[in-house]
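Down below is the structure, laid out as structure tokens.
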Amino acid sequence: MRLIGWAIALAAAGLTPGAANAQASGAPVANAAAIAPTPADNPTAASDATKAQPIVYGTVGHAIPTPGIGEPDGRKGIQEQVTPIGREAVGFHDNILLWVCAIISAIVLGLLLYAMVRFRRGANPTPSRNSHNTLIEVIWTIVPVMVLVGIAIPSIKLLRNQYTPPPADVTVKVTGHQWYWSYDLPDYGVSFDSYMLKEKGDPTLKAGDRYRNDNDGPPLLAADERLVLPAGKVVKFIITADDVIHSFAVPAFWIKQDANPGQLHETWIKVDRPGVYFGQCSELCGARHGFMPIAVEIVPPAQFAQWIAQKGGTMPGSKPAAPDSTGISPVTPAAAPAPATPQPASQPSGNATQPPATNQAATAQN
Ligand SMILES: [Cu+2]
């Protein structure tokens, strides 16, 4: 709901032509009631516009988000965490930091009140003229130092865990652009771009363009292509940008990593709970900074293989150490049941069948 508030604010400020227009024309962007019940009013849209193929909500890449999970829903506090690091960090925040803050505040407030009453002019007409007390000075130096050290130890432990990832099962290269994200899974031969889904009334929508509906996610967070990743696997993100500084942030994963041109930064997640999780670019990167959301869908590994096949990629593990016999082996998306038409057209990159993993294995064997 807060998001919607922002949408209203932005629309009011005329910052987003689409939103502004939608609002002017009485379209529902900013209306809570409109957000919830609207059914899948526009599953497909892109009839003749190239990539067609009807979207079936609830299938891989189009899972329906759970309200309040992986997206803001107006509650105060930190989003429910779904990674080990996120849970550790929230535990640290809730069970240690908040208590330390509360206790210190209470003690200081108590001392202030005590001094105000006990040493008021009426009760204490001739004030003490002492200006030093070694014992008290030692105490008020040592105690804060101990508090800081007490906070620093779990804090540094958390940072260390965050920056020493376990070996990765899946590696994703994330590139920030003005103003969209692109994702590469080099081990699977999959590359694609991900754009925000515009609202229905947006005047910049071209004929046949798909627009957002509630099964895609909340306004400003839903993306046309989600990054689909397997549950229970360690996923390493290698993050960069190709124009200005962006930041790849998904609150439910406890990740926020700057994407700098010319640099590779790294972070990781391991999510056991399948679901859809949203994030946003979190470094002011230009006029449409607010319109480059991140949508990650976590699915069971079998469905991940299916998604890879849909994207025209191959599962590296799908041919167990077969490479030596017939030089050219990467025969197969065999792993995947390949549900509908594999649908190439949509990705520009050279992602057909990709031999590199196999070649490596072959050379390693020779
Ligand atoms: Cu950005």
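The way I read the labels, and the way they are meant: chains A, B, ... in the order of the structure tokens, residue 1 as the first residue of every chain, and ligand 1 as the first ligand shown, with later ones counted on from there.
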
Protein and nucleic residues near ligand 1, 7 Å, only C-alpha atoms and all ligand atoms, as a PDB file with C-alpha atoms, in the first residue's frame:
ATOM      1  CA  GLY A 176      21.997  -3.044 -14.746  1.00  0.00           C
ATOM      2  CA  HIS A 177      21.068  -0.790 -17.653  1.00  0.00           C
ATOM      3  CA  GLN A 178      19.232   2.477 -17.950  1.00  0.00           C
ATOM      4  CA  TRP A 179      16.529   1.296 -17.225  1.00  0.00           C
ATOM      5  CA  ILE A 245      25.750   2.784 -11.125  1.00  0.00           C
ATOM      6  CA  HIS A 246      22.689   0.734 -10.254  1.00  0.00           C
ATOM      7  CA  SER A 247      22.050  -1.461  -7.251  1.00  0.00           C
ATOM      8  CA  CYS A 281      17.155  -0.800  -8.316  1.00  0.00           C
ATOM      9  CA  SER A 282      18.405   0.902  -5.186  1.00  0.00           C
ATOM     10  CA  GLU A 283      20.935   3.407  -6.481  1.00  0.00           C
ATOM     11  CA  LEU A 284      19.657   6.563  -8.070  1.00  0.00           C
ATOM     12  CA  CYS A 285      20.488   5.922 -11.721  1.00  0.00           C
ATOM     13  CA  HIS A 289      15.401   4.652 -11.750  1.00  0.00           C
ATOM     14  CA  MET A 292      13.445  -1.083 -13.178  1.00  0.00           C
TER      15      MET A 292
END

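With distances restricted to only C-alpha atoms, A:Ala89 is the closest residue to Ile156 in chain A from A:Ile104, A:Ala89, A:Val170, A:Leu112.
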
**Prompt:** With distances taken over only C-alpha atoms, which of A:Gly279, A:Ser155, A:Met315, A:Val149 is nearest to Pro186 in chain A?
**Reply:**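 When distances to Pro186 in chain A are compared using only C-alpha atoms, the smallest one comes from A:Met315.
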
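Considering only C-alpha atoms, the residue among A:Lys157, A:Lys200, A:Arg118, A:Lys270 positioned nearest to Phe92 in chain A is A:Lys157.
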
Please identify the helix (DSSP H, G or I) residues within range 215-311 of chain A (assignment by DSSP from backbone atoms) and present them as a short mmCIF file (atom, residue, chain, number, x, y, z; two decimals) with N, CA and C atoms, in the first residue's frame.
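Result saved to out06.cif:
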data_model
loop_
_atom_site.label_atom_id
_atom_site.label_comp_id
_atom_site.auth_asym_id
_atom_site.auth_seq_id
_atom_site.Cartn_x
_atom_site.Cartn_y
_atom_site.Cartn_z
N PRO A 251 14.73 -7.17 -0.94
CA PRO A 251 14.66 -7.13 0.52
C PRO A 251 14.46 -8.50 1.18
N ALA A 252 13.63 -9.37 0.60
CA ALA A 252 13.37 -10.65 1.26
C ALA A 252 14.59 -11.57 1.25
N PHE A 253 15.57 -11.26 0.41
CA PHE A 253 16.81 -12.06 0.36
C PHE A 253 17.92 -11.42 1.19
N HIS A 289 14.86 5.48 -12.82
CA HIS A 289 15.40 4.65 -11.75
C HIS A 289 14.31 3.87 -11.01
N GLY A 290 13.17 4.49 -10.83
CA GLY A 290 12.10 3.84 -10.07
C GLY A 290 11.34 2.80 -10.86
N PHE A 291 11.73 2.61 -12.12
CA PHE A 291 10.93 1.73 -12.98
C PHE A 291 11.76 0.58 -13.54
N PRO A 301 13.61 -27.55 -8.25
CA PRO A 301 14.62 -27.77 -9.29
C PRO A 301 14.07 -28.34 -10.59
N ALA A 302 13.09 -29.24 -10.53
CA ALA A 302 12.56 -29.83 -11.77
C ALA A 302 11.94 -28.75 -12.64
N GLN A 303 11.24 -27.82 -12.00
CA GLN A 303 10.63 -26.74 -12.77
C GLN A 303 11.67 -25.78 -13.31
N PHE A 304 12.77 -25.66 -12.58
CA PHE A 304 13.86 -24.81 -13.07
C PHE A 304 14.38 -25.37 -14.39
N ALA A 305 14.55 -26.69 -14.44
CA ALA A 305 15.01 -27.32 -15.68
C ALA A 305 14.02 -27.05 -16.82
N GLN A 306 12.76 -27.10 -16.46
CA GLN A 306 11.72 -26.84 -17.46
C GLN A 306 11.83 -25.40 -17.99
N TRP A 307 12.07 -24.47 -17.08
CA TRP A 307 12.20 -23.06 -17.48
C TRP A 307 13.41 -22.86 -18.37
N ILE A 308 14.52 -23.54 -18.00
CA ILE A 308 15.73 -23.44 -18.82
C ILE A 308 15.43 -23.91 -20.24
N ALA A 309 14.71 -25.02 -20.34
CA ALA A 309 14.36 -25.54 -21.67
C ALA A 309 13.47 -24.55 -22.42
N GLN A 310 12.52 -23.96 -21.71
CA GLN A 310 11.65 -22.96 -22.35
C GLN A 310 12.45 -21.79 -22.90
#

Please, which residues in range 260-316 of chain A fall within 8 Å of range 62-81 of chain A when counting only C-alpha atoms, and what is the closest atom pair and distance in Å to one decimal for each, ordered by chain then residue number, as a Markdown table?
| residue | atom | partner | partner_atom | distance |
| --- | --- | --- | --- | --- |
| A:Gly275 | CA | A:Pro65 | CA | 6.5 |
| A:Val276 | CA | A:Pro65 | CA | 5.2 |
| A:Tyr277 | CA | A:Gly70 | CA | 4.0 |
| A:Phe278 | CA | A:Gly70 | CA | 5.6 |
| A:Gly279 | CA | A:Glu71 | CA | 7.7 |
| A:Glu297 | CA | A:Ala63 | CA | 7.4 |

Could those selected residues go to a file with N, CA and C atoms, as a PDB file, in the first residue's frame?
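Result file follows (part_24.pdb):
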ATOM      1  N   GLY A 275       8.503 -19.304  -4.434  1.00  0.00           N
ATOM      2  CA  GLY A 275       7.657 -18.118  -4.372  1.00  0.00           C
ATOM      3  C   GLY A 275       8.210 -17.037  -5.273  1.00  0.00           C
ATOM      4  N   VAL A 276       7.557 -15.894  -5.244  1.00  0.00           N
ATOM      5  CA  VAL A 276       7.980 -14.775  -6.072  1.00  0.00           C
ATOM      6  C   VAL A 276       8.443 -13.652  -5.149  1.00  0.00           C
ATOM      7  N   TYR A 277       9.588 -13.118  -5.449  1.00  0.00           N
ATOM      8  CA  TYR A 277      10.196 -12.107  -4.584  1.00  0.00           C
ATOM      9  C   TYR A 277      10.580 -10.900  -5.428  1.00  0.00           C
ATOM     10  N   PHE A 278      10.237  -9.731  -4.924  1.00  0.00           N
ATOM     11  CA  PHE A 278      10.443  -8.530  -5.723  1.00  0.00           C
ATOM     12  C   PHE A 278      11.490  -7.623  -5.083  1.00  0.00           C
ATOM     13  N   GLY A 279      12.178  -6.897  -5.953  1.00  0.00           N
ATOM     14  CA  GLY A 279      13.132  -5.905  -5.483  1.00  0.00           C
ATOM     15  C   GLY A 279      13.179  -4.765  -6.484  1.00  0.00           C
ATOM     16  N   GLU A 297      11.730 -15.536  -9.238  1.00  0.00           N
ATOM     17  CA  GLU A 297      10.798 -16.610  -8.907  1.00  0.00           C
ATOM     18  C   GLU A 297      11.599 -17.833  -8.514  1.00  0.00           C
TER      19      GLU A 297
END

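You will find CA of Val299 in chain A at 5.1 Å from CA of Pro230 in chain A.
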
**Message:** Residues near Tyr183 in chain A, anyone? I mean within 10 Å using only C-alpha atoms, not counting same-chain ones fewer than 3 positions away, as a VMD selection string.
**Reply:** chain A and resid 172 to 176 186 190 to 194 225 to 227 237 to 239

**Fill in**
note - CA of His132 in chain A and CA of Gly150 in chain A are separated by 28.0 Å

**Message:** What's the separation between CA of Gln280 in chain A and CA of Pro293 in chain A, in Å to one decimal place?
**Reply:**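 Pair CA of Gln280 in chain A / CA of Pro293 in chain A returns 4.3 Å.
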
**Request:** From the DSSP assignment of the backbone, select every residue of range 55-269 of chain A that is strand (DSSP E), and format the answer as a PyMOL selection string.
**Result:** chain A and resi 170-177+180-185+190-194+227-230+234-241+246-250+255-259+265-269

Generate the output file for the selected residues, C-alpha atoms, as a PDB file, in the first residue's frame.
ATOM      1  CA  VAL A 170      23.981 -21.718 -10.081  1.00  0.00           C
ATOM      2  CA  THR A 171      25.715 -18.543 -11.233  1.00  0.00           C
ATOM      3  CA  VAL A 172      23.798 -15.584 -12.565  1.00  0.00           C
ATOM      4  CA  LYS A 173      25.352 -12.516 -14.093  1.00  0.00           C
ATOM      5  CA  VAL A 174      23.186  -9.482 -13.446  1.00  0.00           C
ATOM      6  CA  THR A 175      23.687  -6.338 -15.507  1.00  0.00           C
ATOM      7  CA  GLY A 176      21.997  -3.044 -14.746  1.00  0.00           C
ATOM      8  CA  HIS A 177      21.068  -0.790 -17.653  1.00  0.00           C
ATOM      9  CA  TYR A 180      16.164  -2.440 -17.085  1.00  0.00           C
ATOM     10  CA  TRP A 181      18.038  -5.501 -15.926  1.00  0.00           C
ATOM     11  CA  SER A 182      19.535  -8.255 -17.971  1.00  0.00           C
ATOM     12  CA  TYR A 183      20.325 -11.718 -16.688  1.00  0.00           C
ATOM     13  CA  ASP A 184      22.767 -14.298 -18.006  1.00  0.00           C
ATOM     14  CA  LEU A 185      23.044 -17.870 -16.814  1.00  0.00           C
ATOM     15  CA  VAL A 190      20.267 -18.487 -21.123  1.00  0.00           C
ATOM     16  CA  SER A 191      20.258 -14.682 -21.442  1.00  0.00           C
ATOM     17  CA  PHE A 192      17.386 -12.256 -21.384  1.00  0.00           C
ATOM     18  CA  ASP A 193      16.303  -8.741 -20.482  1.00  0.00           C
ATOM     19  CA  SER A 194      13.709  -7.899 -17.892  1.00  0.00           C
ATOM     20  CA  LEU A 227      14.531 -14.514 -13.114  1.00  0.00           C
ATOM     21  CA  VAL A 228      13.643 -18.098 -12.262  1.00  0.00           C
ATOM     22  CA  LEU A 229      15.941 -19.930  -9.852  1.00  0.00           C
ATOM     23  CA  PRO A 230      15.921 -23.324  -8.169  1.00  0.00           C
ATOM     24  CA  VAL A 234      23.198 -21.750  -3.631  1.00  0.00           C
ATOM     25  CA  VAL A 235      22.882 -19.060  -6.263  1.00  0.00           C
ATOM     26  CA  LYS A 236      25.755 -16.693  -6.870  1.00  0.00           C
ATOM     27  CA  PHE A 237      25.003 -13.301  -8.392  1.00  0.00           C
ATOM     28  CA  ILE A 238      27.774 -11.544 -10.251  1.00  0.00           C
ATOM     29  CA  ILE A 239      26.627  -7.979 -10.541  1.00  0.00           C
ATOM     30  CA  THR A 240      27.697  -5.208 -12.880  1.00  0.00           C
ATOM     31  CA  ALA A 241      26.299  -2.366 -14.957  1.00  0.00           C
ATOM     32  CA  HIS A 246      22.689   0.734 -10.254  1.00  0.00           C
ATOM     33  CA  SER A 247      22.050  -1.461  -7.251  1.00  0.00           C
ATOM     34  CA  PHE A 248      20.597  -4.954  -7.220  1.00  0.00           C
ATOM     35  CA  ALA A 249      18.422  -5.271  -4.138  1.00  0.00           C
ATOM     36  CA  VAL A 250      15.804  -7.783  -3.051  1.00  0.00           C
ATOM     37  CA  ILE A 255      20.744  -8.493  -0.578  1.00  0.00           C
ATOM     38  CA  LYS A 256      21.636  -5.053  -1.855  1.00  0.00           C
ATOM     39  CA  GLN A 257      24.710  -4.871  -4.007  1.00  0.00           C
ATOM     40  CA  ASP A 258      25.880  -1.967  -6.117  1.00  0.00           C
ATOM     41  CA  ALA A 259      26.150  -2.630  -9.834  1.00  0.00           C
ATOM     42  CA  HIS A 265      30.462  -7.494  -7.386  1.00  0.00           C
ATOM     43  CA  GLU A 266      29.216 -10.655  -5.871  1.00  0.00           C
ATOM     44  CA  THR A 267      26.505 -11.770  -3.543  1.00  0.00           C
ATOM     45  CA  TRP A 268      24.569 -14.955  -2.999  1.00  0.00           C
ATOM     46  CA  ILE A 269      21.306 -16.462  -1.849  1.00  0.00           C
TER      47      ILE A 269
END

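Of the listed residues A:Ala295, A:Cys101, A:Val271, A:Ile151, the one whose atoms come nearest to Thr83 in chain A is A:Val271, with distances taken using only C-alpha atoms.
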